[in-house]
file coords12.txt (compact mmCIF, C-alpha atoms)
# COMPACT_ATOMS: atom_id res chain seq x y z
CA GLN A 1 19.18 37.97 -35.67
CA LYS A 2 18.95 34.21 -35.38
CA GLU A 3 15.48 32.85 -35.98
CA VAL A 4 15.55 30.45 -33.02
CA GLU A 5 17.81 31.14 -30.06
CA GLN A 6 18.87 28.88 -27.25
CA ASN A 7 21.54 29.16 -24.60
CA SER A 8 24.20 26.61 -25.57
CA GLY A 9 24.90 25.73 -21.93
CA PRO A 10 25.91 23.45 -20.47
CA LEU A 11 23.08 23.57 -17.98
CA SER A 12 24.12 21.51 -14.98
CA VAL A 13 21.54 20.19 -12.53
CA PRO A 14 21.73 17.53 -9.81
CA GLU A 15 19.77 14.32 -10.13
CA GLY A 16 16.17 14.78 -9.01
CA ALA A 17 16.08 18.52 -9.70
CA ILE A 18 13.97 20.38 -12.28
CA ALA A 19 15.80 21.35 -15.46
CA SER A 20 14.45 24.40 -17.27
CA LEU A 21 15.37 24.90 -20.92
CA ASN A 22 14.42 28.05 -22.80
CA CYS A 23 14.01 29.08 -26.41
CA THR A 24 13.03 32.32 -28.13
CA TYR A 25 12.01 32.76 -31.76
CA SER A 26 11.85 35.75 -34.03
CA ASP A 27 9.04 34.92 -36.49
CA ARG A 28 5.82 36.09 -34.87
CA VAL A 29 3.65 33.98 -37.16
CA SER A 30 5.27 30.71 -36.10
CA GLN A 31 2.61 28.12 -35.41
CA SER A 32 4.20 24.89 -34.24
CA PHE A 33 6.90 24.27 -31.67
CA PHE A 34 8.89 21.17 -30.90
CA TRP A 35 11.52 19.91 -28.50
CA TYR A 36 13.93 17.24 -29.65
CA ARG A 37 16.50 15.42 -27.55
CA GLN A 38 19.81 14.51 -29.17
CA TYR A 39 22.39 12.27 -27.57
CA SER A 40 25.99 12.70 -28.70
CA GLY A 41 26.50 11.11 -32.12
CA LYS A 42 22.81 10.24 -32.50
CA SER A 43 19.93 11.80 -34.40
CA PRO A 44 17.24 14.06 -32.88
CA GLU A 45 14.38 12.34 -31.07
CA LEU A 46 11.04 14.13 -30.72
CA ILE A 47 9.96 14.48 -27.10
CA MET A 48 7.32 17.23 -27.11
CA SER A 49 5.23 19.29 -29.47
CA ILE A 50 3.10 22.30 -28.56
CA TYR A 51 0.81 24.41 -30.73
CA SER A 52 -1.17 26.72 -28.44
CA ASN A 53 -0.38 29.03 -25.55
CA GLY A 54 -0.06 27.45 -22.14
CA ASP A 55 1.39 24.27 -20.73
CA LYS A 56 1.46 20.74 -22.10
CA GLU A 57 2.55 17.90 -19.87
CA ASP A 58 3.80 14.44 -20.82
CA GLY A 59 5.25 12.40 -18.01
CA ARG A 60 8.24 14.22 -16.54
CA PHE A 61 8.23 16.76 -19.38
CA THR A 62 6.25 20.00 -19.56
CA ALA A 63 6.37 22.32 -22.54
CA GLN A 64 5.29 25.93 -22.07
CA LEU A 65 4.43 28.34 -24.89
CA ASN A 66 3.92 32.09 -24.77
CA LYS A 67 3.33 33.41 -28.28
CA ALA A 68 3.05 37.03 -27.14
CA SER A 69 6.57 36.86 -25.73
CA GLN A 70 7.75 34.51 -28.52
CA TYR A 71 9.05 32.14 -25.93
CA VAL A 72 8.87 28.39 -25.48
CA SER A 73 10.35 26.36 -22.66
CA LEU A 74 10.79 22.76 -21.58
CA LEU A 75 10.76 21.65 -17.96
CA ILE A 76 12.14 18.26 -17.00
CA ARG A 77 11.08 17.15 -13.54
CA ASP A 78 13.01 14.64 -11.44
CA SER A 79 15.99 14.90 -13.81
CA GLN A 80 17.97 11.71 -14.33
CA PRO A 81 21.55 11.22 -15.56
CA SER A 82 20.02 9.59 -18.65
CA ASP A 83 18.46 12.99 -19.49
CA SER A 84 21.96 14.34 -20.15
CA ALA A 85 21.82 15.32 -23.82
CA THR A 86 21.45 18.31 -26.10
CA TYR A 87 17.89 19.64 -26.32
CA LEU A 88 16.95 21.23 -29.61
CA CYS A 89 14.09 23.70 -29.96
CA ALA A 90 12.44 23.72 -33.39
CA VAL A 91 9.85 26.06 -34.86
CA LYS A 92 7.64 25.76 -37.90
CA GLY A 93 6.17 28.85 -39.48
CA GLU A 94 2.71 29.29 -40.92
CA GLY A 95 2.57 27.91 -44.44
CA PHE A 96 6.00 26.37 -44.21
CA GLN A 97 6.95 22.73 -43.78
CA LYS A 98 10.56 23.06 -42.74
CA LEU A 99 11.63 23.05 -39.12
CA VAL A 100 13.96 25.83 -38.04
CA PHE A 101 16.20 24.69 -35.21
CA GLY A 102 18.12 26.46 -32.53
CA THR A 103 21.69 25.40 -31.81
CA GLY A 104 20.57 23.40 -28.79
CA THR A 105 21.17 23.50 -25.06
CA ARG A 106 23.44 20.88 -23.54
CA LEU A 107 22.02 19.49 -20.28
CA LEU A 108 24.20 17.67 -17.77
CA VAL A 109 22.51 15.83 -14.90
CA SER A 110 24.93 14.79 -12.20
CA PRO A 111 24.23 11.76 -9.95
CA ASP B 1 11.43 -1.68 -36.84
CA THR B 2 9.01 0.73 -38.50
CA GLY B 3 10.96 3.95 -38.02
CA VAL B 4 12.86 6.00 -40.58
CA SER B 5 15.92 4.19 -41.90
CA GLN B 6 18.96 5.60 -43.66
CA ASP B 7 21.79 3.97 -45.54
CA PRO B 8 24.73 4.06 -45.25
CA ARG B 9 25.24 5.14 -41.65
CA HIS B 10 28.76 6.30 -42.35
CA LYS B 11 30.50 7.32 -45.56
CA ILE B 12 34.10 8.37 -46.03
CA THR B 13 35.00 9.72 -49.44
CA LYS B 14 37.71 11.69 -51.13
CA ARG B 15 37.16 15.22 -52.32
CA GLY B 16 35.71 15.29 -55.81
CA GLN B 17 33.90 11.95 -55.58
CA ASN B 18 30.14 11.56 -55.85
CA VAL B 19 28.11 10.06 -53.02
CA THR B 20 24.49 8.94 -52.72
CA PHE B 21 22.46 8.42 -49.58
CA ARG B 22 19.17 6.61 -49.21
CA CYS B 23 16.26 7.25 -46.86
CA ASP B 24 13.24 5.01 -46.24
CA PRO B 25 10.47 6.89 -44.40
CA ILE B 26 7.89 5.52 -41.99
CA SER B 27 5.63 3.52 -44.27
CA GLU B 28 2.43 5.58 -44.05
CA HIS B 29 4.18 8.96 -44.14
CA ASN B 30 3.71 10.97 -47.32
CA ARG B 31 6.20 13.76 -46.54
CA LEU B 32 9.95 13.32 -46.48
CA TYR B 33 12.58 15.88 -45.46
CA TRP B 34 16.35 16.16 -45.71
CA TYR B 35 18.39 18.16 -43.21
CA ARG B 36 22.11 18.64 -42.67
CA GLN B 37 23.74 19.05 -39.29
CA THR B 38 27.28 20.13 -38.50
CA LEU B 39 28.98 19.95 -35.13
CA GLY B 40 27.53 22.33 -32.57
CA GLN B 41 24.66 23.41 -34.80
CA GLY B 42 21.05 22.45 -35.11
CA PRO B 43 19.85 20.64 -38.23
CA GLU B 44 19.43 22.86 -41.29
CA PHE B 45 16.67 22.22 -43.79
CA LEU B 46 17.70 21.14 -47.29
CA THR B 47 14.58 20.00 -49.11
CA TYR B 48 11.25 18.23 -48.74
CA PHE B 49 8.93 16.02 -50.76
CA GLN B 50 5.22 15.47 -50.64
CA ASN B 51 4.77 12.08 -52.23
CA GLU B 52 7.05 12.21 -55.29
CA ALA B 53 6.97 15.99 -55.72
CA GLN B 54 9.88 18.08 -54.46
CA LEU B 55 8.08 21.13 -53.12
CA GLU B 56 10.78 23.19 -51.43
CA LYS B 57 14.54 23.51 -51.69
CA SER B 58 16.84 25.52 -49.46
CA ARG B 59 19.43 27.90 -50.82
CA LEU B 60 21.88 25.59 -49.04
CA LEU B 61 21.15 23.01 -51.72
CA SER B 62 23.73 23.98 -54.33
CA ASP B 63 23.77 22.64 -57.89
CA ARG B 64 25.98 19.80 -56.70
CA PHE B 65 23.12 18.43 -54.59
CA SER B 66 20.15 16.59 -56.02
CA ALA B 67 17.37 14.71 -54.31
CA GLU B 68 14.73 12.40 -55.70
CA ARG B 69 11.76 10.45 -54.47
CA PRO B 70 10.71 8.67 -57.65
CA LYS B 71 7.77 6.59 -56.44
CA GLY B 72 6.82 8.57 -53.38
CA SER B 73 8.44 6.04 -51.07
CA PHE B 74 12.22 6.05 -50.49
CA SER B 75 14.37 9.04 -51.35
CA THR B 76 17.96 9.52 -52.44
CA LEU B 77 20.26 12.49 -51.90
CA GLU B 78 23.25 12.74 -54.20
CA ILE B 79 26.21 15.04 -53.76
CA GLN B 80 28.43 15.46 -56.80
CA ARG B 81 32.07 16.56 -56.66
CA THR B 82 32.17 16.49 -52.89
CA GLU B 83 34.03 19.20 -50.99
CA GLN B 84 35.43 19.14 -47.47
CA GLY B 85 32.71 21.57 -46.45
CA ASP B 86 30.13 18.89 -47.25
CA SER B 87 31.28 16.88 -44.23
CA ALA B 88 28.25 16.69 -41.94
CA MET B 89 25.49 14.46 -40.66
CA TYR B 90 22.74 14.14 -43.25
CA LEU B 91 19.40 13.55 -41.61
CA CYS B 92 16.17 12.35 -43.14
CA ALA B 93 12.79 12.84 -41.48
CA SER B 94 9.25 11.93 -42.41
CA SER B 95 5.76 13.02 -41.43
CA LEU B 96 2.14 12.32 -42.18
CA ASN B 97 0.91 15.48 -43.85
CA ARG B 98 1.71 18.46 -41.60
CA GLY B 99 2.29 16.29 -38.56
CA GLU B 100 5.32 15.80 -36.41
CA GLN B 101 8.61 15.01 -38.10
CA PHE B 102 10.50 11.90 -37.04
CA PHE B 103 14.17 11.55 -37.83
CA GLY B 104 16.18 8.61 -39.04
CA PRO B 105 19.60 7.71 -37.60
CA GLY B 106 21.43 9.88 -40.11
CA THR B 107 24.34 9.35 -42.50
CA ARG B 108 27.64 10.77 -41.33
CA LEU B 109 29.69 11.97 -44.30
CA THR B 110 33.41 12.63 -44.04
CA VAL B 111 35.14 14.17 -47.05
CA LEU B 112 38.91 13.82 -46.98
call {"tool": "encode", "arguments": {"input": "coords12.txt", "output": "structure tokens"}}
result
Amino acid sequence: QKEVEQNSGPLSVPEGAIASLNCTYSDRVSQSFFWYRQYSGKSPELIMSIYSNGDKEDGRFTAQLNKASQYVSLLIRDSQPSDSATYLCAVKGEGFQKLVFGTGTRLLVSP
Amino acid sequence: DTGVSQDPRHKITKRGQNVTFRCDPISEHNRLYWYRQTLGQGPEFLTYFQNEAQLEKSRLLSDRFSAERPKGSFSTLEIQRTEQGDSAMYLCASSLNRGEQFFGPGTRLTVL
């Protein structure tokens, strides 16, 4: 069983729509959760972090965490073509410093 | 620019050669991490430093790999006797204590 699972996509949405990206993790004691955006050929860029159950909003981005279901999601409102990228979910376990990444979901936003 | 920097950005080498990469973290960050990413995969953890101490190493880090952070500032990652399977993007990240990790631009290694 993979530690962090994401649908590889691509997830295609029209410009202006809400994109919903999902991630599940296997380690129940995971404490910290992150979403990174990665453009083709570039390095990951941190866009959201979330540490407690519920929603966290930052501009057009909302991260949602449900530790009981071991599920974290990222919503992108008013999607733009410039949001087209691979979105990586990363998890950090209690007492550990390393990030464990999923394989990423490719998002395509069409004009 | 005060972000994480890495050098070189690209490296092409022949199998069996040694290569060394450098990472300069964000200046006030005391923790530095190395990851490796291959096509279609997420980054995989290799090792991390707190100041000059190397505190964790992945099983992915074979004996041919060595990392140092001699003065608790920049870090180097050396790969000896490179193999084609070492071809990947090598990513460095830094953080302040247990805070968020910020990545550098990466070094893309191609082993011929």
call {"tool": "interface_residues", "arguments": {"input": "coords12.txt", "of": "chain A", "to": "chain B", "cutoff": "9 Å", "atoms": "only C-alpha atoms", "output": "MDAnalysis selection string"}}
result
chainID A and resid 8 34 42:46 49 88:90 97:104
call {"tool": "residues_near_point", "arguments": {"input": "coords12.txt", "point": "(6.6, 29.7, -26.7)", "cutoff": "9 Å", "atoms": "all atoms listed in the file", "output": "PyMOL selection string"}}
result
chain A and resi 22-25+33+50-54+63-73
call {"tool": "atom_distance", "arguments": {"input": "coords12.txt", "atom1": "atom CA of B:Ile12", "atom2": "atom CA of B:Thr110"}}
result
4.8 Å
call {"tool": "closest_residue", "arguments": {"input": "coords12.txt", "among": "A:Pro111, A:Gly59, A:Gly93, A:Gly41", "to": "A:Ser12", "atoms": "all atoms listed in the file"}}
result
A:Pro111
call {"tool": "atom_distance", "arguments": {"input": "coords12.txt", "atom1": "atom CA of B:Phe21", "atom2": "atom CA of B:Thr2"}}
result
19.0 Å
call {"tool": "closest_residue", "arguments": {"input": "coords12.txt", "among": "A:Leu75, A:Val109, A:Ile18, A:Val91", "to": "A:Glu3", "atoms": "all atoms listed in the file"}}
result
A:Val91
call {"tool": "atom_distance", "arguments": {"input": "coords12.txt", "atom1": "atom CA of A:Ser26", "atom2": "atom CA of A:Thr105"}}
result
17.8 Å
call {"tool": "closest_residue", "arguments": {"input": "coords12.txt", "among": "A:Ala85, A:Leu74, A:Leu107, A:Val4", "to": "A:Arg60", "atoms": "all atoms listed in the file"}}
result
A:Leu74
call {"tool": "decode", "arguments": {"input": "coords12.txt", "residues": "stretch 38-57 of chain B", "atoms": "N, CA, C and O atoms", "output": "PDB file, in the first residue's frame"}}
result
ATOM      1  N   THR B  38      12.100  11.325  -9.970  1.00  0.00           N
ATOM      2  CA  THR B  38      12.144  10.791 -11.324  1.00  0.00           C
ATOM      3  C   THR B  38      10.817  11.078 -12.009  1.00  0.00           C
ATOM      4  O   THR B  38       9.810  11.404 -11.359  1.00  0.00           O
ATOM      5  N   LEU B  39      10.809  10.939 -13.317  1.00  0.00           N
ATOM      6  CA  LEU B  39       9.658  11.334 -14.126  1.00  0.00           C
ATOM      7  C   LEU B  39       8.396  10.598 -13.700  1.00  0.00           C
ATOM      8  O   LEU B  39       8.399   9.372 -13.550  1.00  0.00           O
ATOM      9  N   GLY B  40       7.346  11.355 -13.444  1.00  0.00           N
ATOM     10  CA  GLY B  40       6.064  10.761 -13.094  1.00  0.00           C
ATOM     11  C   GLY B  40       5.910  10.373 -11.637  1.00  0.00           C
ATOM     12  O   GLY B  40       4.877   9.816 -11.249  1.00  0.00           O
ATOM     13  N   GLN B  41       6.933  10.661 -10.850  1.00  0.00           N
ATOM     14  CA  GLN B  41       6.895  10.325  -9.427  1.00  0.00           C
ATOM     15  C   GLN B  41       6.995  11.588  -8.584  1.00  0.00           C
ATOM     16  O   GLN B  41       7.466  12.623  -9.048  1.00  0.00           O
ATOM     17  N   GLY B  42       6.563  11.470  -7.334  1.00  0.00           N
ATOM     18  CA  GLY B  42       6.804  12.555  -6.406  1.00  0.00           C
ATOM     19  C   GLY B  42       8.231  12.502  -5.892  1.00  0.00           C
ATOM     20  O   GLY B  42       8.917  11.480  -6.027  1.00  0.00           O
ATOM     21  N   PRO B  43       8.706  13.582  -5.310  1.00  0.00           N
ATOM     22  CA  PRO B  43      10.058  13.562  -4.723  1.00  0.00           C
ATOM     23  C   PRO B  43      10.171  12.493  -3.649  1.00  0.00           C
ATOM     24  O   PRO B  43       9.223  12.254  -2.893  1.00  0.00           O
ATOM     25  N   GLU B  44      11.343  11.864  -3.592  1.00  0.00           N
ATOM     26  CA  GLU B  44      11.638  10.858  -2.565  1.00  0.00           C
ATOM     27  C   GLU B  44      12.756  11.376  -1.673  1.00  0.00           C
ATOM     28  O   GLU B  44      13.784  11.847  -2.159  1.00  0.00           O
ATOM     29  N   PHE B  45      12.556  11.237  -0.399  1.00  0.00           N
ATOM     30  CA  PHE B  45      13.505  11.737   0.604  1.00  0.00           C
ATOM     31  C   PHE B  45      14.813  10.964   0.533  1.00  0.00           C
ATOM     32  O   PHE B  45      14.828   9.735   0.430  1.00  0.00           O
ATOM     33  N   LEU B  46      15.925  11.700   0.614  1.00  0.00           N
ATOM     34  CA  LEU B  46      17.243  11.073   0.671  1.00  0.00           C
ATOM     35  C   LEU B  46      17.885  11.246   2.039  1.00  0.00           C
ATOM     36  O   LEU B  46      18.322  10.277   2.671  1.00  0.00           O
ATOM     37  N   THR B  47      17.982  12.509   2.511  1.00  0.00           N
ATOM     38  CA  THR B  47      18.658  12.759   3.766  1.00  0.00           C
ATOM     39  C   THR B  47      18.319  14.153   4.252  1.00  0.00           C
ATOM     40  O   THR B  47      17.813  14.982   3.491  1.00  0.00           O
ATOM     41  N   TYR B  48      18.581  14.416   5.574  1.00  0.00           N
ATOM     42  CA  TYR B  48      18.400  15.772   6.043  1.00  0.00           C
ATOM     43  C   TYR B  48      19.416  16.118   7.123  1.00  0.00           C
ATOM     44  O   TYR B  48      19.955  15.238   7.823  1.00  0.00           O
ATOM     45  N   PHE B  49      19.678  17.402   7.226  1.00  0.00           N
ATOM     46  CA  PHE B  49      20.625  17.958   8.187  1.00  0.00           C
ATOM     47  C   PHE B  49      19.911  18.958   9.094  1.00  0.00           C
ATOM     48  O   PHE B  49      19.081  19.733   8.642  1.00  0.00           O
ATOM     49  N   GLN B  50      20.291  18.918  10.347  1.00  0.00           N
ATOM     50  CA  GLN B  50      19.956  20.010  11.248  1.00  0.00           C
ATOM     51  C   GLN B  50      21.284  20.663  11.603  1.00  0.00           C
ATOM     52  O   GLN B  50      22.144  20.038  12.227  1.00  0.00           O
ATOM     53  N   ASN B  51      21.436  21.896  11.175  1.00  0.00           N
ATOM     54  CA  ASN B  51      22.749  22.556  11.239  1.00  0.00           C
ATOM     55  C   ASN B  51      23.754  21.667  10.497  1.00  0.00           C
ATOM     56  O   ASN B  51      23.490  21.283   9.362  1.00  0.00           O
ATOM     57  N   GLU B  52      24.857  21.290  11.128  1.00  0.00           N
ATOM     58  CA  GLU B  52      25.845  20.488  10.407  1.00  0.00           C
ATOM     59  C   GLU B  52      25.657  18.993  10.601  1.00  0.00           C
ATOM     60  O   GLU B  52      26.359  18.187   9.982  1.00  0.00           O
ATOM     61  N   ALA B  53      24.711  18.595  11.431  1.00  0.00           N
ATOM     62  CA  ALA B  53      24.524  17.177  11.742  1.00  0.00           C
ATOM     63  C   ALA B  53      23.556  16.515  10.760  1.00  0.00           C
ATOM     64  O   ALA B  53      22.432  16.990  10.564  1.00  0.00           O
ATOM     65  N   GLN B  54      23.998  15.403  10.201  1.00  0.00           N
ATOM     66  CA  GLN B  54      23.141  14.603   9.327  1.00  0.00           C
ATOM     67  C   GLN B  54      22.337  13.667  10.203  1.00  0.00           C
ATOM     68  O   GLN B  54      22.881  12.721  10.783  1.00  0.00           O
ATOM     69  N   LEU B  55      21.036  13.903  10.324  1.00  0.00           N
ATOM     70  CA  LEU B  55      20.224  13.209  11.308  1.00  0.00           C
ATOM     71  C   LEU B  55      19.423  12.035  10.752  1.00  0.00           C
ATOM     72  O   LEU B  55      18.963  11.200  11.528  1.00  0.00           O
ATOM     73  N   GLU B  56      19.209  11.990   9.460  1.00  0.00           N
ATOM     74  CA  GLU B  56      18.430  10.886   8.907  1.00  0.00           C
ATOM     75  C   GLU B  56      18.873  10.625   7.472  1.00  0.00           C
ATOM     76  O   GLU B  56      19.142  11.565   6.723  1.00  0.00           O
ATOM     77  N   LYS B  57      18.979   9.375   7.129  1.00  0.00           N
ATOM     78  CA  LYS B  57      19.333   8.953   5.785  1.00  0.00           C
ATOM     79  C   LYS B  57      18.348   7.891   5.318  1.00  0.00           C
ATOM     80  O   LYS B  57      18.040   6.961   6.059  1.00  0.00           O
TER      81      LYS B  57
END
